[in-house]
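Have a look at data-v4.txt; it's compact mmCIF, C-alpha atoms and all ligand atoms:
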```txt
# COMPACT_ATOMS: atom_id res chain seq x y z
CA MET A 1 -11.61 -41.25 -11.86
CA SER A 2 -8.80 -43.80 -12.05
CA ALA A 3 -6.57 -44.55 -9.05
CA GLY A 4 -3.56 -43.58 -11.18
CA ALA A 5 -5.01 -40.13 -11.91
CA LEU A 6 -5.72 -39.50 -8.22
CA ALA A 7 -2.19 -40.63 -7.32
CA SER A 8 -0.67 -38.32 -9.93
CA VAL A 9 -2.64 -35.26 -8.81
CA GLU A 10 -1.73 -36.02 -5.18
CA SER A 11 1.95 -36.27 -6.04
CA LEU A 12 1.69 -33.02 -8.03
CA MET A 13 0.22 -31.31 -4.95
CA SER A 14 2.93 -32.75 -2.77
CA ALA A 15 5.81 -31.86 -5.12
CA ARG A 16 4.66 -28.33 -6.00
CA ILE A 17 3.19 -27.11 -2.74
CA GLY A 18 4.15 -29.65 -0.09
CA LEU A 19 0.48 -30.36 0.56
CA ARG A 20 -0.29 -33.57 2.45
CA LEU A 21 -3.86 -34.59 1.73
CA ASP A 22 -5.83 -35.65 4.78
CA PRO A 23 -9.27 -37.22 4.20
CA GLY A 24 -10.98 -33.80 4.38
CA LEU A 25 -8.70 -32.23 1.77
CA ARG A 26 -8.87 -35.32 -0.42
CA GLY A 27 -12.67 -35.01 -0.44
CA ARG A 28 -12.40 -31.33 -1.45
CA LEU A 29 -9.91 -32.27 -4.14
CA LEU A 30 -12.11 -34.97 -5.65
CA HIS A 31 -15.11 -32.66 -5.69
CA ALA A 32 -13.12 -29.80 -7.24
CA LEU A 33 -11.57 -32.10 -9.85
CA GLU A 34 -14.97 -33.34 -10.97
CA GLU A 35 -16.42 -29.83 -11.26
CA GLU A 36 -13.37 -28.27 -12.93
CA ALA A 37 -13.11 -31.16 -15.40
CA ALA A 38 -16.81 -30.84 -16.28
CA ALA A 39 -16.43 -27.06 -16.74
CA ALA A 40 -13.47 -27.68 -19.08
CA GLY A 41 -15.43 -30.35 -21.00
CA LEU A 42 -12.86 -33.03 -20.12
CA SER A 43 -12.94 -36.36 -18.36
CA VAL A 44 -11.33 -36.20 -14.91
CA ASP A 45 -8.38 -38.31 -16.11
CA SER A 46 -7.74 -36.01 -19.11
CA PHE A 47 -8.12 -32.98 -16.85
CA VAL A 48 -5.46 -34.38 -14.50
CA ASP A 49 -3.12 -34.94 -17.49
CA ALA A 50 -3.66 -31.33 -18.57
CA LEU A 51 -3.03 -29.96 -15.05
CA VAL A 52 0.65 -30.81 -15.22
CA HIS A 53 1.24 -28.43 -18.12
CA ASP A 54 -1.33 -25.72 -17.42
CA PRO A 55 -0.37 -23.46 -14.48
CA GLN A 56 -3.65 -21.52 -14.58
CA MET A 57 -5.71 -24.68 -14.44
CA PHE A 58 -3.59 -25.87 -11.51
CA GLN A 59 -4.01 -22.51 -9.73
CA ARG A 60 -7.80 -22.65 -10.14
CA LEU A 61 -7.78 -26.07 -8.55
CA LEU A 62 -5.63 -24.82 -5.65
CA ASN A 63 -8.03 -21.92 -5.11
CA ARG A 64 -10.76 -24.47 -4.57
CA VAL A 65 -8.86 -27.03 -2.52
CA THR A 66 -7.21 -24.73 0.02
CA VAL A 67 -9.14 -23.91 3.20
CA GLN A 68 -9.57 -20.20 3.96
CA GLN A 69 -11.07 -20.25 7.44
CA THR A 70 -9.87 -17.17 9.34
CA SER A 71 -11.07 -14.18 11.37
CA PHE A 72 -9.93 -10.86 12.82
CA PHE A 73 -7.94 -11.35 16.05
CA ARG A 74 -8.35 -15.12 15.83
CA ASP A 75 -7.15 -16.59 19.15
CA PRO A 76 -7.31 -13.32 21.11
CA GLU A 77 -4.66 -14.42 23.64
CA VAL A 78 -2.10 -14.48 20.81
CA PHE A 79 -2.91 -10.91 19.81
CA ALA A 80 -2.91 -9.82 23.46
CA ALA A 81 0.60 -11.29 23.82
CA LEU A 82 1.71 -9.58 20.62
CA ALA A 83 0.32 -6.23 21.75
CA THR A 84 1.76 -6.41 25.27
CA HIS A 85 5.07 -8.22 24.85
CA VAL A 86 6.18 -8.18 21.23
CA VAL A 87 5.05 -4.99 19.49
CA PRO A 88 6.62 -2.71 22.16
CA ARG A 89 9.99 -4.41 21.48
CA LEU A 90 9.97 -3.93 17.71
CA ALA A 91 12.44 -1.45 16.27
CA GLU A 92 11.66 0.56 13.14
CA PRO A 93 11.65 -0.15 10.27
CA VAL A 94 9.40 -3.11 11.07
CA GLN A 95 8.74 -5.90 8.57
CA VAL A 96 6.05 -8.46 9.42
CA TRP A 97 5.26 -11.48 7.25
CA CYS A 98 1.87 -13.21 7.47
CA ALA A 99 2.38 -16.47 5.60
CA GLY A 100 -0.91 -18.07 4.59
CA CYS A 101 -2.89 -14.89 5.20
CA SER A 102 -6.13 -16.11 3.59
CA HIS A 103 -8.65 -13.26 3.20
CA GLY A 104 -6.41 -10.77 4.99
CA GLN A 105 -7.98 -10.52 8.45
CA GLU A 106 -4.82 -11.74 10.19
CA ALA A 107 -2.55 -9.28 8.37
CA TYR A 108 -4.91 -6.38 9.08
CA SER A 109 -5.22 -7.45 12.75
CA VAL A 110 -1.44 -7.21 13.17
CA ALA A 111 -1.49 -3.93 11.26
CA MET A 112 -4.02 -2.54 13.76
CA LEU A 113 -1.72 -3.45 16.67
CA LEU A 114 1.22 -1.75 14.97
CA ALA A 115 -0.80 1.37 14.19
CA GLU A 116 -2.12 1.52 17.77
CA SER A 117 1.44 1.24 19.15
CA GLY A 118 2.43 4.54 17.55
CA LEU A 119 5.09 2.96 15.30
CA GLN A 120 5.37 4.82 11.99
CA ASP A 121 7.72 2.88 9.75
CA TRP A 122 6.26 -0.58 9.30
CA VAL A 123 4.96 -2.94 6.63
CA VAL A 124 2.90 -6.10 6.92
CA LEU A 125 3.26 -8.48 3.99
CA GLY A 126 0.48 -11.05 3.61
CA THR A 127 1.19 -13.98 1.30
CA ASP A 128 -0.95 -16.87 0.22
CA LEU A 129 -1.10 -19.67 -2.30
CA SER A 130 -4.69 -18.90 -3.25
CA THR A 131 -5.05 -16.06 -5.76
CA ARG A 132 -8.76 -15.92 -4.98
CA ALA A 133 -8.05 -15.38 -1.28
CA LEU A 134 -5.52 -12.67 -2.13
CA ASP A 135 -8.08 -10.81 -4.27
CA ARG A 136 -10.35 -10.59 -1.25
CA ALA A 137 -7.48 -9.60 1.03
CA ARG A 138 -6.50 -6.75 -1.30
CA GLN A 139 -10.11 -5.56 -1.45
CA GLY A 140 -10.16 -5.35 2.35
CA VAL A 141 -13.95 -5.33 2.54
CA TYR A 142 -15.70 -7.40 5.19
CA SER A 143 -19.26 -8.15 6.27
CA ASP A 144 -20.88 -7.39 9.65
CA ALA A 145 -20.41 -11.04 10.64
CA GLU A 146 -16.73 -10.97 9.69
CA ILE A 147 -15.93 -7.97 11.89
CA GLU A 148 -17.82 -9.33 14.89
CA SER A 149 -14.61 -10.56 16.55
CA MET A 150 -13.24 -7.01 16.64
CA ALA A 151 -13.76 -4.68 19.60
CA GLY A 152 -16.13 -1.79 18.80
CA GLU A 153 -13.55 0.93 19.34
CA ARG A 154 -11.06 -0.80 17.10
CA ALA A 155 -13.64 -1.20 14.36
CA ARG A 156 -14.48 2.51 14.63
CA ASN A 157 -10.81 3.45 14.33
CA HIS A 158 -9.75 1.21 11.47
CA LEU A 159 -12.86 0.51 9.38
CA ARG A 160 -15.32 2.61 7.47
CA ARG A 161 -18.67 1.85 5.88
CA CYS A 162 -18.59 0.44 2.37
CA GLY A 163 -22.03 -0.48 0.99
CA ALA A 164 -23.47 -3.19 3.20
CA GLY A 165 -20.05 -4.00 4.64
CA TRP A 166 -16.92 -2.42 6.07
CA GLU A 167 -13.61 -1.56 4.48
CA ILE A 168 -10.16 -1.10 5.97
CA GLU A 169 -9.23 2.58 6.39
CA PRO A 170 -6.76 3.70 3.69
CA ASP A 171 -4.26 4.90 6.33
CA LEU A 172 -3.95 1.35 7.62
CA ARG A 173 -4.21 -0.30 4.25
CA ARG A 174 -1.21 1.54 2.80
CA HIS A 175 1.03 -0.31 5.27
CA VAL A 176 -0.28 -3.73 4.22
CA GLN A 177 0.74 -5.51 1.03
CA PHE A 178 -0.36 -8.84 -0.40
CA ARG A 179 1.60 -11.11 -2.68
CA HIS A 180 1.21 -14.55 -4.17
CA HIS A 181 3.69 -16.96 -2.60
CA ASN A 182 3.87 -20.70 -2.26
CA LEU A 183 5.44 -21.84 0.99
CA GLY A 184 6.40 -25.05 -0.77
CA ARG A 185 8.83 -23.14 -3.01
CA ALA A 186 12.45 -22.51 -2.09
CA THR A 187 12.22 -18.71 -2.38
CA ILE A 188 11.11 -16.32 0.34
CA PRO A 189 9.07 -13.18 -0.48
CA VAL A 190 11.13 -10.94 1.84
CA SER A 191 14.84 -10.17 2.19
CA ALA A 192 16.94 -12.49 4.31
CA SER A 193 17.03 -11.53 8.02
CA SER A 194 14.41 -8.82 7.50
CA CYS A 195 11.38 -9.95 9.53
CA GLN A 196 10.96 -9.17 13.19
CA LEU A 197 7.70 -11.07 13.27
CA ILE A 198 6.41 -13.95 11.15
CA LEU A 199 2.93 -15.40 11.56
CA CYS A 200 2.14 -18.70 9.93
CA ARG A 201 -0.95 -19.93 11.66
CA ASN A 202 -3.15 -22.86 10.72
CA VAL A 203 -1.20 -23.44 7.51
CA LEU A 204 1.53 -25.89 8.45
CA ILE A 205 -0.98 -28.56 9.47
CA TYR A 206 -1.25 -29.43 5.78
CA PHE A 207 2.49 -30.01 5.27
CA SER A 208 4.40 -33.27 5.48
CA ALA A 209 7.12 -33.40 8.17
CA VAL A 210 9.88 -33.21 5.56
CA GLU A 211 8.37 -30.21 3.81
CA LEU A 212 7.64 -28.57 7.13
CA ALA A 213 11.32 -28.71 8.09
CA ARG A 214 12.16 -26.92 4.82
CA VAL A 215 9.54 -24.22 5.41
CA LEU A 216 10.91 -23.63 8.91
CA ALA A 217 14.42 -23.29 7.51
CA ARG A 218 13.08 -20.56 5.19
CA PHE A 219 11.42 -18.78 8.11
CA ALA A 220 14.74 -18.90 9.96
CA THR A 221 16.39 -17.29 6.91
CA ALA A 222 13.74 -14.58 6.69
CA MET A 223 13.84 -13.74 10.38
CA GLN A 224 15.99 -11.22 12.22
CA PRO A 225 18.06 -12.95 14.93
CA ASP A 226 15.78 -11.65 17.68
CA GLY A 227 12.52 -12.13 15.76
CA TYR A 228 9.35 -14.00 16.70
CA LEU A 229 7.54 -16.79 14.86
CA VAL A 230 3.88 -17.38 15.71
CA LEU A 231 2.13 -20.62 14.77
CA GLY A 232 -1.48 -21.73 15.21
CA VAL A 233 -2.45 -22.57 18.78
CA SER A 234 -2.72 -26.29 18.02
CA GLU A 235 0.52 -26.43 16.03
CA SER A 236 3.81 -27.37 17.59
CA LEU A 237 7.35 -27.82 16.32
CA TRP A 238 8.02 -30.60 18.80
CA GLN A 239 10.55 -33.04 17.33
CA LEU A 240 10.43 -31.29 13.96
CA THR A 241 13.27 -28.83 14.05
CA ASP A 242 16.05 -27.54 16.23
CA ARG A 243 16.02 -24.21 14.40
CA PHE A 244 13.52 -22.67 16.81
CA ARG A 245 12.91 -22.75 20.53
CA MET A 246 9.48 -22.29 22.03
CA HIS A 247 8.88 -19.45 24.50
CA ARG A 248 5.82 -18.71 26.57
CA ILE A 249 5.01 -15.06 25.95
CA GLY A 250 2.02 -13.80 27.91
CA ASP A 251 -0.66 -16.47 27.42
CA ALA A 252 0.69 -17.55 24.04
CA PHE A 253 3.57 -19.61 22.72
CA MET A 254 5.99 -18.22 20.18
CA TYR A 255 9.19 -19.46 18.60
CA ARG A 256 12.54 -17.75 18.49
CA LEU A 257 15.91 -18.59 17.03
CA PRO A 258 18.12 -20.49 19.51
CA SER A 259 20.82 -17.81 19.64
CA ILE A 260 18.64 -15.74 21.94
CA HIS A 261 17.49 -18.80 23.88
CA ALA A 262 19.10 -18.79 27.31
CA ALA A 263 21.38 -21.76 28.01
CA PRO A 264 19.57 -24.38 30.09
CA ASP A 265 20.10 -23.96 33.80
CA ARG A 266 22.24 -26.93 34.77
CA ARG A 267 22.53 -25.90 38.42
CA ARG A 268 19.56 -28.00 39.48
CA GLU A 269 21.21 -31.13 38.14
CA HIS A 270 24.22 -30.60 40.40
CA ARG A 271 21.93 -30.45 43.40
CA ASP A 272 20.15 -33.69 42.43
CA ALA A 273 20.44 -36.67 44.71
CA PRO A 274 22.52 -39.55 43.21
CA VAL A 275 19.42 -41.75 42.73
CA GLU A 276 17.69 -39.05 40.69
CA ARG A 277 20.84 -38.55 38.64
CA ARG A 278 21.11 -42.29 37.94
CA ARG A 279 17.42 -42.42 36.98
CA ARG A 280 17.94 -39.66 34.49
CA GLU A 281 21.07 -41.27 33.07
CA THR A 282 19.26 -44.56 32.45
CA LEU A 283 16.23 -42.86 30.96
CA GLY A 284 18.55 -40.61 28.97
CA GLN A 285 20.53 -43.60 27.64
CA LEU A 286 17.41 -45.40 26.43
CA LEU A 287 15.96 -42.25 24.90
CA GLY A 288 19.31 -41.59 23.25
CA GLN A 289 19.43 -45.13 21.81
CA GLY A 290 15.89 -44.75 20.53
CA GLU A 291 16.55 -41.35 18.98
CA THR A 292 19.70 -42.59 17.24
CA ALA A 293 17.84 -45.58 15.79
CA ALA A 294 14.88 -43.41 14.74
CA ALA A 295 17.22 -40.92 13.04
CA ALA A 296 18.68 -43.85 11.08
CA GLY A 297 15.16 -44.90 10.07
CA ASP A 298 15.25 -48.08 12.18
CA PHE A 299 11.89 -47.62 13.87
CA ALA A 300 11.64 -51.19 15.19
CA VAL A 301 14.88 -50.81 17.20
CA ALA A 302 13.86 -47.30 18.24
CA ALA A 303 10.43 -48.47 19.40
CA ALA A 304 12.05 -51.28 21.42
CA ALA A 305 14.31 -48.77 23.22
CA PHE A 306 11.44 -46.39 23.95
CA ARG A 307 9.29 -49.28 25.15
CA ARG A 308 12.05 -50.33 27.58
CA ALA A 309 12.13 -46.74 28.78
CA THR A 310 8.38 -46.91 29.50
CA PHE A 311 9.02 -49.99 31.68
CA ILE A 312 11.63 -48.27 33.82
CA GLU A 313 9.73 -44.94 33.86
CA PRO A 314 6.03 -45.87 33.60
CA ASP A 315 4.95 -42.46 34.89
CA HIS A 316 7.01 -40.39 32.47
CA PRO A 317 5.25 -39.06 29.33
CA LEU A 318 8.34 -38.69 27.12
CA PRO A 319 9.10 -42.39 26.41
CA TYR A 320 5.43 -42.98 25.52
CA PHE A 321 5.44 -39.98 23.22
CA GLN A 322 8.65 -41.05 21.49
CA LEU A 323 7.23 -44.55 21.16
CA ALA A 324 4.08 -43.11 19.55
CA LEU A 325 6.18 -41.22 16.98
CA CYS A 326 7.99 -44.44 16.04
CA LEU A 327 4.78 -46.42 15.80
CA GLU A 328 3.29 -43.68 13.59
CA GLN A 329 6.27 -44.01 11.28
CA ALA A 330 5.82 -47.79 11.25
CA ARG A 331 2.10 -47.21 10.46
CA GLN A 332 1.03 -49.02 13.65
CA HIS A 333 -1.77 -46.56 14.23
CA ASP A 334 -3.57 -48.32 17.08
CA GLY A 335 -0.35 -48.73 19.03
CA ALA A 336 0.55 -45.10 18.36
CA ARG A 337 -2.79 -43.95 19.70
CA GLU A 338 -2.42 -46.05 22.86
CA ALA A 339 1.06 -44.66 23.43
CA LEU A 340 -0.21 -41.09 22.98
CA GLU A 341 -3.00 -41.72 25.47
CA ALA A 342 -0.48 -43.17 27.92
CA ALA A 343 1.72 -40.09 27.42
CA GLN A 344 -1.23 -37.80 28.10
CA ALA A 345 -2.22 -39.73 31.21
CA ALA A 346 1.34 -39.70 32.54
CA LEU A 347 1.60 -35.97 31.90
CA SER A 348 -1.63 -35.22 33.74
CA ARG A 349 -0.78 -37.27 36.84
CA GLY A 350 2.91 -36.42 37.07
CA ASP A 351 5.14 -33.58 38.19
CA ARG A 352 5.63 -31.32 35.19
CA ALA A 353 8.64 -29.58 36.68
CA ARG A 354 10.41 -32.94 36.99
CA PHE A 355 9.61 -33.90 33.39
CA GLN A 356 10.89 -30.55 32.20
CA ALA A 357 14.44 -31.53 33.14
CA ASP A 358 14.37 -34.40 30.61
CA LEU A 359 12.99 -32.39 27.70
CA ASP A 360 16.25 -31.11 26.31
CA GLY A 361 15.33 -27.47 25.81
CA PHE A 362 11.69 -28.03 24.88
CA HIS A 363 8.94 -26.85 27.19
CA VAL A 364 6.66 -29.34 28.90
CA ASP A 365 3.63 -27.39 27.58
CA GLU A 366 4.91 -28.00 24.08
CA LEU A 367 4.92 -31.72 24.75
CA ALA A 368 1.31 -31.45 25.99
CA THR A 369 0.30 -29.56 22.84
CA ALA A 370 2.05 -32.03 20.58
CA ILE A 371 0.29 -34.97 22.25
CA GLU A 372 -3.10 -33.25 22.02
CA ARG A 373 -2.59 -32.31 18.41
CA ARG A 374 -1.60 -35.81 17.38
CA LEU A 375 -4.51 -37.33 19.27
CA SER A 376 -6.98 -34.91 17.70
CA MET A 377 -5.63 -35.73 14.23
CA ARG A 378 -6.49 -39.35 14.95
CA CYS A 379 -10.13 -38.67 15.90
C1 LIG B 1 -6.85 -21.93 7.38
S1 LIG B 1 -6.16 -20.57 6.53
C2 LIG B 1 -5.34 -19.73 7.83
C3 LIG B 1 -5.45 -18.23 7.72
C4 LIG B 1 -4.80 -17.47 8.86
N1 LIG B 1 -3.38 -17.70 8.90
C5 LIG B 1 -5.43 -17.81 10.17
O1 LIG B 1 -4.87 -18.56 10.97
O2 LIG B 1 -6.54 -17.34 10.43
C6 LIG B 1 -4.81 -21.35 5.64
C7 LIG B 1 -4.29 -20.53 4.48
O3 LIG B 1 -3.03 -21.07 4.08
C8 LIG B 1 -2.95 -21.02 2.67
N2 LIG B 1 -1.96 -22.01 2.20
C9 LIG B 1 -2.08 -23.35 2.16
N3 LIG B 1 -0.98 -23.91 1.63
C10 LIG B 1 -0.14 -22.88 1.33
C11 LIG B 1 1.15 -22.81 0.74
N4 LIG B 1 1.80 -23.90 0.33
N5 LIG B 1 1.71 -21.59 0.57
C12 LIG B 1 1.05 -20.47 0.98
N6 LIG B 1 -0.17 -20.48 1.52
C13 LIG B 1 -0.77 -21.67 1.70
C14 LIG B 1 -4.38 -21.32 2.22
O4 LIG B 1 -4.64 -20.86 0.92
C15 LIG B 1 -5.20 -20.58 3.27
O5 LIG B 1 -5.55 -19.29 2.86
```
Can the structure from this file be put into structure tokens for me?
Amino acid sequence: MSAGALASVESLMSARIGLRLDPGLRGRLLHALEEEAAAAGLSVDSFVDALVHDPQMFQRLLNRVTVQQTSFFRDPEVFAALATHVVPRLAEPVQVWCAGCSHGQEAYSVAMLLAESGLQDWVVLGTDLSTRALDRARQGVYSDAEIESMAGERARNHLRRCGAGWEIEPDLRRHVQFRHHNLGRATIPVSASSCQLILCRNVLIYFSAVELARVLARFATAMQPDGYLVLGVSESLWQLTDRFRMHRIGDAFMYRLPSIHAAPDRRREHRDAPVERRRRETLGQLLGQGETAAAAGDFAVAAAAFRRATFIEPDHPLPYFQLALCLEQARQHDGAREALEAAQAALSRGDRARFQADLDGFHVDELATAIERRLSMRC
């Protein structure tokens, strides 16, 4: 396969679905391209040329490249938080959107919580890019291994035997719909301001930062003002958008629109000793200079400001983290990794409550998650 053909299929993926190919996905893509081209009796280069004009061929490729890993009640602490803190606050009629629902387990898990809460008027919409995944989701039939993560009583209430497997009870299934939808497209599959809960877990990791900001803007449009957005446990919106604010809810983190986010408590600042106030001003000035330069795309100037901030505040994680973001943009990967490790070390040895005051509305746990996520992406 020629380098030009690979570049053109990658840019097609990026333009049509916002997909950013990491080495794992690129490997899947190459493998799928070879097999699909052979099945069509074409060379890989000719197959790539044909992809541009043949939506079905492109869809078949997407079905193979996308990753469908999922399970019922994946990350149980998230579902516990939903059951205890979110579902009881929902007002009928309830619209939930599971974006990137894969084989349907996530949508049906939320549906089980809603059914168990006694709510009557509710709909869960599961959407996905993969038509193959949606076929399975609509079938709603799962193997013994696939229902293992579900408590016995729940399985008894919501599933019934179907051959060698289990199917979702019709009473539950009639509340759950599935629809093809590409998160990389400008449209949303629900009415504006209709969703009280949106789940988009383990999907956004594949999006570029620019595309991610667009997707989040669409979620903000789809969401009711007091709604909840749930991401994957290793995903964080740190530094990506000011459209949402993170909230700790039970043992999980969720995002809400800023209008319901309480104004930061400034009283503590007034009680600060003058030295502490001066420290924060100096740190704040350098961070401000760095952020302004980074926003203008001048990452060298931004990195210099953040580096100066690390000299005056060597035990503070934020300047290291900001420095790492700049170095990532400048493709200085080793430096970025070192800065992330320094941020992590500073966070673990320091006083989190003190750092919180400098985080401008973000939560210190979100900083920790963002550092971890970026480090794990570099392993
Ligand atoms: C790893 S699964 C996550 C499933 C489920 N949300 C969970 O956390 O268990 C990711 C899903 O996102 C879907 N996906 C990837 N890119 C998408 C896009 N641009 N629009 C909609 N769905 C997408 C994939 O097809 C896949 O089914």
### Message
Give me, as a PyMOL selection string, the set of residues whose atoms come within 8 Å of any atom of ligand LIG 1 (chain B), counting only C-alpha atoms and all ligand atoms.
### Response
chain A and resi 17-19+62-63+66-72+74+98-106+127-130+133+180-185+199-204+206-207+232
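Around the point (17.1, -16.3, 9.6), within 9 Å and counting only C-alpha atoms, we find these residues: Ala192, Ser193, Ser194, Cys195, Ala217, Arg218, Phe219, Ala220, Thr221, Ala222, Met223, Gln224, Pro225, Gly227 and Leu257 of chain A.
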### Task
Calculate how many Å separate CA of Glu10 (chain A) from CA of Ser236 (chain A), rounding to one decimal.
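It comes out at 25.0 Å.
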### Message
Residues near Phe306 (chain A), anyone? I mean within 6 Å using all atoms listed in the file, not counting same-chain ones fewer than 6 positions away, as a VMD selection string.
### Response
chain A and resid 290 319 323
#### Entry: Distance of CA of Val123 (chain A) from CA of Cys162 (chain A), expressed in Å to one decimal place
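Between CA of Cys162 (chain A) and CA of Val123 (chain A) the gap works out to 24.2 Å.
Counting all atoms listed in the file, the residue from A:Ala252, A:Ala339, A:Ile188, A:Val124 that sits nearest to Ala83 (chain A) is A:Ala252.
Going from CA of Arg352 (chain A) to CA of Val364 (chain A) covers 6.7 Å.
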### Task
Pick out the closest residue to Phe321 (chain A) from this set: A:Asp298, A:Asp334, A:Asp54, A:Glu341. Count all atoms listed in the file.
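Closest candidate: A:Glu341.
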### Task
Quick one: everything within 10 Å of Arg248 (chain A), counting all atoms listed in the file, minus sequence neighbours fewer than 4 positions away in the same chain. Send it as a list in words.
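The residues that qualify are Ala81, Ala252, Phe253, Met254, Tyr255, His363, Asp365 and Glu366 of chain A.
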### Residue neighbourhood Asp45 (chain A), 10 Å, all atoms listed in the file, exclusion window fewer than 6 positions, as a list in words
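The contact residues come out as Met1, Ser2, Ala3, Gly4, Ala5, Leu6, Ser8, Val9, Leu33, Glu34, Ala37 and Leu51 of chain A.
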### Query
Which polymer residues have any atom within 8 Å of an atom of Ala336 (chain A), counting all atoms listed in the file, with same-chain residues fewer than 6 positions away left out, as a VMD selection string?
chain A and resid 323 to 328
Set up a box along x, y and z of the file covering all listed atoms of region 283-290 of chain A, add 5 Å on every one of the six sides, and write the centre and edge lengths in Å to one decimal, as JSON.
```
{"center_x": 18.2, "center_y": -43.0, "center_z": 25.7, "size_x": 14.6, "size_y": 14.8, "size_z": 20.4}
```
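Between Arg174 (chain A) and the residues A:Arg138, A:Arg160, A:Arg331, A:Arg26, the shortest atom-to-atom distance, using only C-alpha atoms, involves A:Arg138.
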As a short mmCIF file (atom, residue, chain, number, x, y, z; two decimals), keeping the file's coordinate frame, could you write out region 17-22 of chain A once it has been completed with all heavy atoms?
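Written out: out_36.cif:
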```cif
data_model
loop_
_atom_site.label_atom_id
_atom_site.label_comp_id
_atom_site.auth_asym_id
_atom_site.auth_seq_id
_atom_site.Cartn_x
_atom_site.Cartn_y
_atom_site.Cartn_z
N ILE A 17 3.55 -27.98 -3.87
CA ILE A 17 3.19 -27.11 -2.74
C ILE A 17 3.37 -27.77 -1.38
O ILE A 17 3.06 -27.17 -0.36
CB ILE A 17 1.74 -26.59 -2.86
CG1 ILE A 17 0.77 -27.74 -3.05
CG2 ILE A 17 1.60 -25.58 -3.97
CD1 ILE A 17 -0.66 -27.30 -3.07
N GLY A 18 3.88 -28.99 -1.37
CA GLY A 18 4.15 -29.65 -0.09
C GLY A 18 2.88 -30.09 0.63
O GLY A 18 2.90 -30.41 1.81
N LEU A 19 1.76 -30.08 -0.09
CA LEU A 19 0.48 -30.36 0.56
C LEU A 19 0.31 -31.86 0.81
O LEU A 19 0.49 -32.67 -0.09
CB LEU A 19 -0.65 -29.88 -0.36
CG LEU A 19 -1.97 -29.54 0.27
CD1 LEU A 19 -1.82 -28.38 1.24
CD2 LEU A 19 -2.97 -29.15 -0.82
N ARG A 20 -0.03 -32.19 2.05
CA ARG A 20 -0.29 -33.57 2.45
C ARG A 20 -1.80 -33.69 2.56
O ARG A 20 -2.42 -32.97 3.33
CB ARG A 20 0.38 -33.81 3.81
CG ARG A 20 0.22 -35.16 4.40
CD ARG A 20 1.01 -35.20 5.71
NE ARG A 20 0.68 -34.10 6.59
CZ ARG A 20 -0.24 -34.15 7.56
NH1 ARG A 20 -0.90 -35.24 7.79
NH2 ARG A 20 -0.48 -33.11 8.33
N LEU A 21 -2.40 -34.56 1.78
CA LEU A 21 -3.86 -34.59 1.73
C LEU A 21 -4.42 -35.47 2.84
O LEU A 21 -4.23 -36.68 2.82
CB LEU A 21 -4.33 -35.10 0.37
CG LEU A 21 -4.03 -34.18 -0.81
CD1 LEU A 21 -4.50 -34.82 -2.10
CD2 LEU A 21 -4.68 -32.83 -0.65
N ASP A 22 -5.10 -34.85 3.80
CA ASP A 22 -5.83 -35.65 4.78
C ASP A 22 -7.19 -35.98 4.17
O ASP A 22 -7.52 -35.48 3.09
CB ASP A 22 -5.92 -34.90 6.13
CG ASP A 22 -6.70 -33.60 6.01
OD1 ASP A 22 -7.38 -33.40 4.99
OD2 ASP A 22 -6.63 -32.79 6.94
#
```
